[in-house]
Amino acid sequence: MGVAFVAEEERGLRTAIERRIRMSLKDERVPPLIRDGLVSLARGAHDTDLPIDLTWARDYERDVLFAAMRIPWGETRPYRWLAREARRPLAVRAAASSIAKNPLWMIVPCHRIVRSDGSIGEYGEGAKGVAKKRRLLAREGILM
C-alpha cells in the first residue's frame, strides 16, 4: 500500500483522478504514517520517505517519476535531463508530458523541472500554477 496521488480538494476531482490512475478510490482513513509524512512535506520537510504506489503508471512514466525523485532538494534539472535519466534521451516531450500529469506532485518534485534555458516553465494550469511552482522552488531556496 502506498500513496497513488496527492490533490487539493476540487469538485469533480475524484472521477478525474480515478481515470488518470486507472483505479477505483475507496473512502478510508489515511494511515498515520502516510498522513504524518504528507503533513511534514506540506510544512517543508524534504527527507520524508513515503511509500508510493505507481502500479497505475506505464513503464516510461514510472521511469520519469523515479528520475524526478532523484533531483536533490534545492536544485533543478531541465526536461532534457529528465528524458535522459528515464533512459529515453530523445523523448523529451514524452518526459514533459509524463511529469506534467504527475498526480504525486507533493512527493515527486515535478516543480524542480525547468526549461533548458533555465526559465521556470509551466506548472499546472496557467499563472496560478506558475505562482505555485515559484513558491515551491522559493521554499527550497531557488528564486526564479
# chains A, B, ... in the order shown; residues from 1 in each chain; ligands from 1
call {"tool": "closest_atom_pairs", "arguments": {"of": "range 83-102 of chain A", "to": "range 44-61 of chain A", "cutoff": "8 Å", "atoms": "only C-alpha atoms", "output": "JSON lines"}}
result
{"residue": "A:Ala86", "atom": "CA", "partner": "A:Tyr60", "partner_atom": "CA", "distance": 6.9}
{"residue": "A:Ala95", "atom": "CA", "partner": "A:Glu61", "partner_atom": "CA", "distance": 7.5}
{"residue": "A:Ser98", "atom": "CA", "partner": "A:Glu61", "partner_atom": "CA", "distance": 5.5}
{"residue": "A:Ile99", "atom": "CA", "partner": "A:Glu61", "partner_atom": "CA", "distance": 7.8}
call {"tool": "select_by_dssp", "arguments": {"residues": "chain A", "states": "strand (DSSP E or B)", "output": "PyMOL selection string"}}
result
chain A and resi 3+52+77-78+113-114
call {"tool": "write_last_selection", "arguments": {"atoms": "C-alpha atoms", "output": "compact mmCIF listing (two decimals), in the first residue's frame"}}
result
# COMPACT_ATOMS: atom_id res chain seq x y z
CA VAL A 3 0.22 6.92 -1.97
CA ILE A 52 4.18 5.34 -3.12
CA ARG A 77 17.03 19.98 -13.85
CA PRO A 78 15.85 20.57 -17.43
CA ILE A 113 11.96 20.54 -13.68
CA VAL A 114 12.65 23.71 -15.67
call {"tool": "residues_around", "arguments": {"residues": "Arg115 in chain A", "least_positions_apart": "5", "cutoff": "10 Å", "atoms": "only C-alpha atoms", "output": "ChimeraX atom specification"}}
result
/A:76-80,96,120-122
call {"tool": "select_by_dssp", "arguments": {"residues": "chain A", "states": "alpha helix (DSSP H)", "output": "ChimeraX atom specification"}}
result
/A:13-21,32-42,59-69,79-85,92-100,126-139
call {"tool": "closest_residue", "arguments": {"among": "A:Met23, A:Ile142, A:Trp81, A:Ile34", "to": "Arg93 in chain A", "atoms": "only C-alpha atoms"}}
result
A:Trp81
call {"tool": "closest_residue", "arguments": {"among": "A:Arg20, A:Lys101, A:Arg112, A:Arg70", "to": "Gly141 in chain A", "atoms": "only C-alpha atoms"}}
result
A:Arg112
call {"tool": "atom_distance", "arguments": {"atom1": "CA of Gly129 in chain A", "atom2": "CA of Leu33 in chain A"}}
result
28.4 Å
call {"tool": "residues_around", "arguments": {"residues": "Met144 in chain A", "least_positions_apart": "2", "cutoff": "10 Å", "atoms": "only C-alpha atoms", "output": "ChimeraX atom specification"}}
result
/A:118-120,133-135,137-138,141-142
